[in-house]
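Right, one structure below, let's go through it.
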Amino acid sequence: MSKPILVTGAAGFIGYHTCEALMARGERVVGIDNLNDYYDVNLKQARLDRLTGNPLFAHFHTDVADRAAMEALWAHSKPGKVIHLAAQAGVRYSLENPHAYVDANVVGFLNVLEAVREHGVEHLVFASTSSVYGSNTNMPFSVHHNVDHPVSIYAATKKSNELMAHAYSHLFGIPCTGLRFFTVYGPWGRPDMALFKFTRNMLAGEPIEVFNYGNHTRDFTYIDDIVEGIVRVLDQAAVPNRDWSGDAPDPQSSTAPYRLYNIGSNNPASLLRYIQVLEETLGIEANKKLLPLQQGDVPDTFADVSDLIRDVQYKPSTTIEEGISKFVAWYKHYYNIEDVAHNVTQ
């Protein structure tokens with residue numbers, strides 16, 4: 001029997017969908033999550049309940065920042081591959097509670113790396129974020145660009161993950177691949193994300209907060225596209241780049257078995273267009289409260305996915321029209337909401 005795949009953050013938005021995709025192809029999955037209360041624990045538990053009904057899934061209520069618990073879990077589960085998605089997410093919250101980000105994202109990731117070093121795995125795939133591009137305005141964002149100017153603590157912790165992974169890959173030969181996700185949305189999404197908040201408020205007849213006066217552009221990426229990218233990358237362990245040179249160091253690869261990839265739609269849309277599609281889907285016109293750019297946020301994101309296409313033959317393709325429609329259908333079903341329609345200004 002093949003070794004199980006360990007997924008951290010299994011009750012999270014991306015973790016839940018990733019576990020489902022792995023089990024759909026017959027993989028045994030060990031999922032860990034501490035079910036913290038950063039957002040609605042009931043939603044996390046509902047995701048987890050759907051996973052635990054599958055005999056291929058085993059869940060452990062574990063905090064990645066708990067070193068002893070992680071060591072014990074690893075010795076017990078003996079995973080063959082690891083997908084590390086557990087993290088304290090959210091750019092804005094990182095300004096309020098930076099310690100939570102260091103505990104979960106830095107200490108937690110160190111515990112994962114140490115467990116991998118001690119027990120060995122075929123491939124460690126870990127979540128990074130488009131937020132690492134920070135002050136960079138060279139579009140589209142490329143994994144070959146320098147990303148040394150983060151504008152939030154969240155982004156800084158994720159950049160530290162990339163650096164830590166490279167050090168362990170170099171020192172111990174651990175195949176590591178980091179994935180920079182771009183504005184993920186879809187069914188079972190996070191309540192602190194824009195689409196979830198917009199939908200909730202519009203259905204309740206309440207205004208929506210639109211930051212940067214709606215002038216954002218985002219590379220909105222549907223959850224199924226993110227998961228397809230994760231699984232494809234997982235199947236292709238990182239290898240050393242024999243052409244890499246320290247005289248002209250390329251951030252995307254290394255002489256170590258290390259890689260970085262963007263996973264984004266490669267088709268950015270304005271925030272106002274995103275809201276317009278949601279209005280059309282709900283049949284409700286939004287009452288927009290226009291606000292300035294939030295501290296720690298960036299005006300635009302746009303993913304260069306050429307490396308992903310070249311190495312794993314994949315490019316995300318779901319349109320925002322299709323993705324938002326699927327999210328709204330899920331949201332209404334999950335919260336048992338009847339269709340409510342108002343006139344929408346076209």
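Letters A, B, ... go to the chains of the structure tokens in the order shown; residues in each chain start at 1; ligands are counted from 1 in the same order.
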
Write out as CSV the residues of stretch 83-183 of chain A that have any atom within 9 Å of an atom of stretch 33-45 of chain A, one row each with the nearest atom pair and its distance in Å to one decimal, counting only C-alpha atoms, sorted by chain and then rising number.
residue,atom,partner,partner_atom,distance
A:Ala86,CA,A:Asp33,CA,7.3
A:Gln88,CA,A:Tyr38,CA,8.1
A:Ala89,CA,A:Tyr38,CA,8.7

For the residues in that selection, give me all heavy atoms as a PDB file, in the first residue's frame.
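Writing done, so here's result-v2.pdb:
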ATOM      1  N   ALA A  86      -1.494  24.753   6.051  1.00  0.00           N
ATOM      2  CA  ALA A  86      -1.863  25.390   7.311  1.00  0.00           C
ATOM      3  C   ALA A  86      -1.118  26.716   7.460  1.00  0.00           C
ATOM      4  O   ALA A  86       0.086  26.776   7.239  1.00  0.00           O
ATOM      5  CB  ALA A  86      -1.521  24.475   8.489  1.00  0.00           C
ATOM      6  N   GLN A  88      -1.721  31.044   9.236  1.00  0.00           N
ATOM      7  CA  GLN A  88      -2.578  32.148   9.633  1.00  0.00           C
ATOM      8  C   GLN A  88      -2.687  33.056   8.417  1.00  0.00           C
ATOM      9  O   GLN A  88      -1.701  33.629   7.972  1.00  0.00           O
ATOM     10  CB  GLN A  88      -1.996  32.913  10.822  1.00  0.00           C
ATOM     11  CG  GLN A  88      -2.802  34.131  11.235  1.00  0.00           C
ATOM     12  CD  GLN A  88      -4.246  33.795  11.591  1.00  0.00           C
ATOM     13  OE1 GLN A  88      -4.500  33.039  12.526  1.00  0.00           O
ATOM     14  NE2 GLN A  88      -5.198  34.338  10.851  1.00  0.00           N
ATOM     15  N   ALA A  89      -3.867  33.127   7.859  1.00  0.00           N
ATOM     16  CA  ALA A  89      -4.076  33.878   6.623  1.00  0.00           C
ATOM     17  C   ALA A  89      -4.592  35.287   6.916  1.00  0.00           C
ATOM     18  O   ALA A  89      -4.957  35.617   8.037  1.00  0.00           O
ATOM     19  CB  ALA A  89      -5.064  33.131   5.731  1.00  0.00           C
TER      20      ALA A  89
END

_Residues of stretch 110-256 of chain A in strand (DSSP E), written as a ChimeraX atom specification_ = /A:123-129,176-181,184-185,208-210,217-218,221-222

*Pick out the residues sitting within 12 Å of A:Phe172, and hand them over as a PyMOL selection string; count only C-alpha atoms, and ignore anything fewer than 2 positions along from it in its own chain.*
chain A and resi 113-114+116-121+164-170+174-176+256-258

*Fewer than 6 positions away in the same chain doesn't count, so skip those; otherwise give me all residues within 12 Å of A:Glu321, counting only C-alpha atoms, as a ChimeraX atom specification.*
/A:186,220-222,269,273-282,327-328

Restricting the output to N, CA and C atoms, write the selected residues as a PDB file, in the first residue's frame.
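Result file is out.pdb:
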ATOM      1  N   GLY A 186     -14.297  30.676  -4.370  1.00  0.00           N
ATOM      2  CA  GLY A 186     -15.120  29.559  -4.790  1.00  0.00           C
ATOM      3  C   GLY A 186     -15.909  28.973  -3.633  1.00  0.00           C
ATOM      4  N   PHE A 220      -8.112  36.928  -9.972  1.00  0.00           N
ATOM      5  CA  PHE A 220      -9.029  36.042  -9.262  1.00  0.00           C
ATOM      6  C   PHE A 220      -8.901  34.618  -9.811  1.00  0.00           C
ATOM      7  N   THR A 221      -8.675  33.651  -8.916  1.00  0.00           N
ATOM      8  CA  THR A 221      -8.408  32.276  -9.337  1.00  0.00           C
ATOM      9  C   THR A 221      -9.367  31.320  -8.641  1.00  0.00           C
ATOM     10  N   TYR A 222     -10.108  30.565  -9.441  1.00  0.00           N
ATOM     11  CA  TYR A 222     -11.127  29.665  -8.914  1.00  0.00           C
ATOM     12  C   TYR A 222     -10.485  28.478  -8.202  1.00  0.00           C
ATOM     13  N   ALA A 269      -8.948  40.878 -13.442  1.00  0.00           N
ATOM     14  CA  ALA A 269     -10.169  41.650 -13.643  1.00  0.00           C
ATOM     15  C   ALA A 269     -10.215  42.761 -12.608  1.00  0.00           C
ATOM     16  N   ARG A 273     -15.538  45.113 -11.876  1.00  0.00           N
ATOM     17  CA  ARG A 273     -16.099  44.102 -12.775  1.00  0.00           C
ATOM     18  C   ARG A 273     -16.493  42.855 -11.991  1.00  0.00           C
ATOM     19  N   TYR A 274     -15.675  42.468 -11.048  1.00  0.00           N
ATOM     20  CA  TYR A 274     -15.955  41.317 -10.183  1.00  0.00           C
ATOM     21  C   TYR A 274     -17.282  41.527  -9.448  1.00  0.00           C
ATOM     22  N   ILE A 275     -17.459  42.734  -8.909  1.00  0.00           N
ATOM     23  CA  ILE A 275     -18.705  43.071  -8.208  1.00  0.00           C
ATOM     24  C   ILE A 275     -19.874  43.067  -9.179  1.00  0.00           C
ATOM     25  N   GLN A 276     -19.656  43.576 -10.388  1.00  0.00           N
ATOM     26  CA  GLN A 276     -20.722  43.596 -11.393  1.00  0.00           C
ATOM     27  C   GLN A 276     -21.207  42.185 -11.723  1.00  0.00           C
ATOM     28  N   VAL A 277     -20.278  41.262 -11.876  1.00  0.00           N
ATOM     29  CA  VAL A 277     -20.662  39.873 -12.152  1.00  0.00           C
ATOM     30  C   VAL A 277     -21.455  39.304 -10.982  1.00  0.00           C
ATOM     31  N   LEU A 278     -21.060  39.621  -9.757  1.00  0.00           N
ATOM     32  CA  LEU A 278     -21.799  39.162  -8.586  1.00  0.00           C
ATOM     33  C   LEU A 278     -23.201  39.781  -8.566  1.00  0.00           C
ATOM     34  N   GLU A 279     -23.317  41.059  -8.884  1.00  0.00           N
ATOM     35  CA  GLU A 279     -24.627  41.717  -8.954  1.00  0.00           C
ATOM     36  C   GLU A 279     -25.538  41.007  -9.954  1.00  0.00           C
ATOM     37  N   GLU A 280     -24.981  40.709 -11.128  1.00  0.00           N
ATOM     38  CA  GLU A 280     -25.764  40.045 -12.170  1.00  0.00           C
ATOM     39  C   GLU A 280     -26.165  38.635 -11.749  1.00  0.00           C
ATOM     40  N   THR A 281     -25.293  37.955 -11.038  1.00  0.00           N
ATOM     41  CA  THR A 281     -25.580  36.584 -10.595  1.00  0.00           C
ATOM     42  C   THR A 281     -26.649  36.567  -9.517  1.00  0.00           C
ATOM     43  N   LEU A 282     -26.552  37.504  -8.573  1.00  0.00           N
ATOM     44  CA  LEU A 282     -27.525  37.571  -7.484  1.00  0.00           C
ATOM     45  C   LEU A 282     -28.822  38.262  -7.894  1.00  0.00           C
ATOM     46  N   PHE A 327     -20.023  29.769  -6.819  1.00  0.00           N
ATOM     47  CA  PHE A 327     -19.942  30.173  -5.419  1.00  0.00           C
ATOM     48  C   PHE A 327     -21.321  30.559  -4.893  1.00  0.00           C
ATOM     49  N   VAL A 328     -22.052  31.359  -5.648  1.00  0.00           N
ATOM     50  CA  VAL A 328     -23.368  31.813  -5.204  1.00  0.00           C
ATOM     51  C   VAL A 328     -24.309  30.631  -5.013  1.00  0.00           C
TER      52      VAL A 328
END

*Closest to A:Phe126 among A:Ile324, A:Val298, A:Leu22, A:Leu85, using only C-alpha atoms?*
A:Leu85

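Nearest to A:Leu271 of all the residues A:Ala24, A:Val30, A:Leu195, A:Ala127 is A:Leu195, counting only C-alpha atoms.
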
Write out, as a tab-separated table, each residue of stretch 143-207 of chain A that has an atom at most 9 Å from stretch 128-133 of chain A, together with the closest pair of atoms and their distance in Å to one decimal, counting only C-alpha atoms, rows going by chain and rising number.
residue	atom	partner	partner_atom	distance
A:His145	CA	A:Tyr133	CA	8.4
A:Asn146	CA	A:Tyr133	CA	8.0
A:Val147	CA	A:Tyr133	CA	5.2
A:Asp148	CA	A:Tyr133	CA	7.8
A:His149	CA	A:Tyr133	CA	7.2
A:Pro150	CA	A:Val132	CA	5.6
A:Val151	CA	A:Ser131	CA	8.1
A:Ser152	CA	A:Ser131	CA	8.1
A:Tyr154	CA	A:Ser131	CA	7.9
A:Ala155	CA	A:Val132	CA	4.9
A:Ala156	CA	A:Val132	CA	6.9
A:Thr157	CA	A:Val132	CA	8.9
A:Lys158	CA	A:Ser128	CA	5.5
A:Lys159	CA	A:Val132	CA	5.9
A:Asn161	CA	A:Ser128	CA	7.4
A:Glu162	CA	A:Ser128	CA	7.4
A:Gly178	CA	A:Ser128	CA	5.9
A:Leu179	CA	A:Ser128	CA	5.2
A:Arg180	CA	A:Thr129	CA	4.1
A:Phe181	CA	A:Thr129	CA	4.8
A:Phe182	CA	A:Ser130	CA	5.3
A:Thr183	CA	A:Ser130	CA	7.8

Kindly save the residues from that selection, with N, CA and C atoms included, as a JSON list (two decimals), in the first residue's frame.
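again12.json written:
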[["chain", "number", "residue", "atom", "x", "y", "z"],
["A", 145, "HIS", "N", 11.15, 37.24, -10.64],
["A", 145, "HIS", "CA", 11.35, 38.59, -10.11],
["A", 145, "HIS", "C", 11.87, 38.53, -8.68],
["A", 146, "ASN", "N", 12.57, 39.57, -8.28],
["A", 146, "ASN", "CA", 12.97, 39.76, -6.90],
["A", 146, "ASN", "C", 11.74, 40.12, -6.06],
["A", 147, "VAL", "N", 11.61, 39.53, -4.87],
["A", 147, "VAL", "CA", 10.45, 39.83, -4.00],
["A", 147, "VAL", "C", 10.93, 40.16, -2.58],
["A", 148, "ASP", "N", 11.77, 41.16, -2.48],
["A", 148, "ASP", "CA", 12.35, 41.52, -1.19],
["A", 148, "ASP", "C", 11.69, 42.72, -0.52],
["A", 149, "HIS", "N", 10.49, 43.10, -0.99],
["A", 149, "HIS", "CA", 9.84, 44.28, -0.41],
["A", 149, "HIS", "C", 8.38, 44.00, -0.05],
["A", 150, "PRO", "N", 8.16, 43.10, 0.92],
["A", 150, "PRO", "CA", 6.78, 42.82, 1.36],
["A", 150, "PRO", "C", 6.17, 44.05, 2.04],
["A", 151, "VAL", "N", 4.84, 44.17, 1.96],
["A", 151, "VAL", "CA", 4.17, 45.32, 2.57],
["A", 151, "VAL", "C", 3.20, 44.89, 3.68],
["A", 152, "SER", "N", 3.32, 43.64, 4.15],
["A", 152, "SER", "CA", 2.54, 43.18, 5.29],
["A", 152, "SER", "C", 3.34, 42.10, 6.01],
["A", 154, "TYR", "N", 2.07, 39.33, 7.03],
["A", 154, "TYR", "CA", 1.66, 38.08, 6.40],
["A", 154, "TYR", "C", 2.58, 37.75, 5.23],
["A", 155, "ALA", "N", 2.79, 38.71, 4.34],
["A", 155, "ALA", "CA", 3.66, 38.48, 3.18],
["A", 155, "ALA", "C", 5.09, 38.17, 3.62],
["A", 156, "ALA", "N", 5.57, 38.85, 4.64],
["A", 156, "ALA", "CA", 6.93, 38.61, 5.13],
["A", 156, "ALA", "C", 7.09, 37.19, 5.66],
["A", 157, "THR", "N", 6.07, 36.68, 6.36],
["A", 157, "THR", "CA", 6.17, 35.31, 6.87],
["A", 157, "THR", "C", 6.17, 34.31, 5.73],
["A", 158, "LYS", "N", 5.40, 34.59, 4.68],
["A", 158, "LYS", "CA", 5.35, 33.67, 3.55],
["A", 158, "LYS", "C", 6.66, 33.71, 2.75],
["A", 159, "LYS", "N", 7.26, 34.88, 2.62],
["A", 159, "LYS", "CA", 8.58, 34.95, 1.97],
["A", 159, "LYS", "C", 9.60, 34.18, 2.82],
["A", 161, "ASN", "N", 9.01, 31.55, 4.51],
["A", 161, "ASN", "CA", 8.79, 30.13, 4.21],
["A", 161, "ASN", "C", 9.57, 29.70, 2.98],
["A", 162, "GLU", "N", 9.56, 30.55, 1.95],
["A", 162, "GLU", "CA", 10.30, 30.22, 0.73],
["A", 162, "GLU", "C", 11.79, 30.12, 1.02],
["A", 178, "GLY", "N", 7.30, 25.60, -3.70],
["A", 178, "GLY", "CA", 6.41, 26.63, -3.15],
["A", 178, "GLY", "C", 5.45, 27.12, -4.21],
["A", 179, "LEU", "N", 4.19, 27.32, -3.82],
["A", 179, "LEU", "CA", 3.15, 27.76, -4.74],
["A", 179, "LEU", "C", 2.58, 29.11, -4.30],
["A", 180, "ARG", "N", 2.72, 30.09, -5.16],
["A", 180, "ARG", "CA", 2.17, 31.42, -4.87],
["A", 180, "ARG", "C", 0.75, 31.51, -5.42],
["A", 181, "PHE", "N", -0.23, 31.46, -4.52],
["A", 181, "PHE", "CA", -1.63, 31.50, -4.91],
["A", 181, "PHE", "C", -2.09, 32.94, -5.11],
["A", 182, "PHE", "N", -2.96, 33.13, -6.10],
["A", 182, "PHE", "CA", -3.50, 34.45, -6.42],
["A", 182, "PHE", "C", -5.00, 34.49, -6.16],
["A", 183, "THR", "N", -5.42, 35.27, -5.16],
["A", 183, "THR", "CA", -6.82, 35.60, -4.84],
["A", 183, "THR", "C", -7.77, 34.45, -5.15]]

*Name all residues at most 8 Å from A:Gly80 (count only C-alpha atoms; drop same-chain ones fewer than 4 positions away) and give them as an MDAnalysis selection string.*
chainID A and resid 2:6 120:123
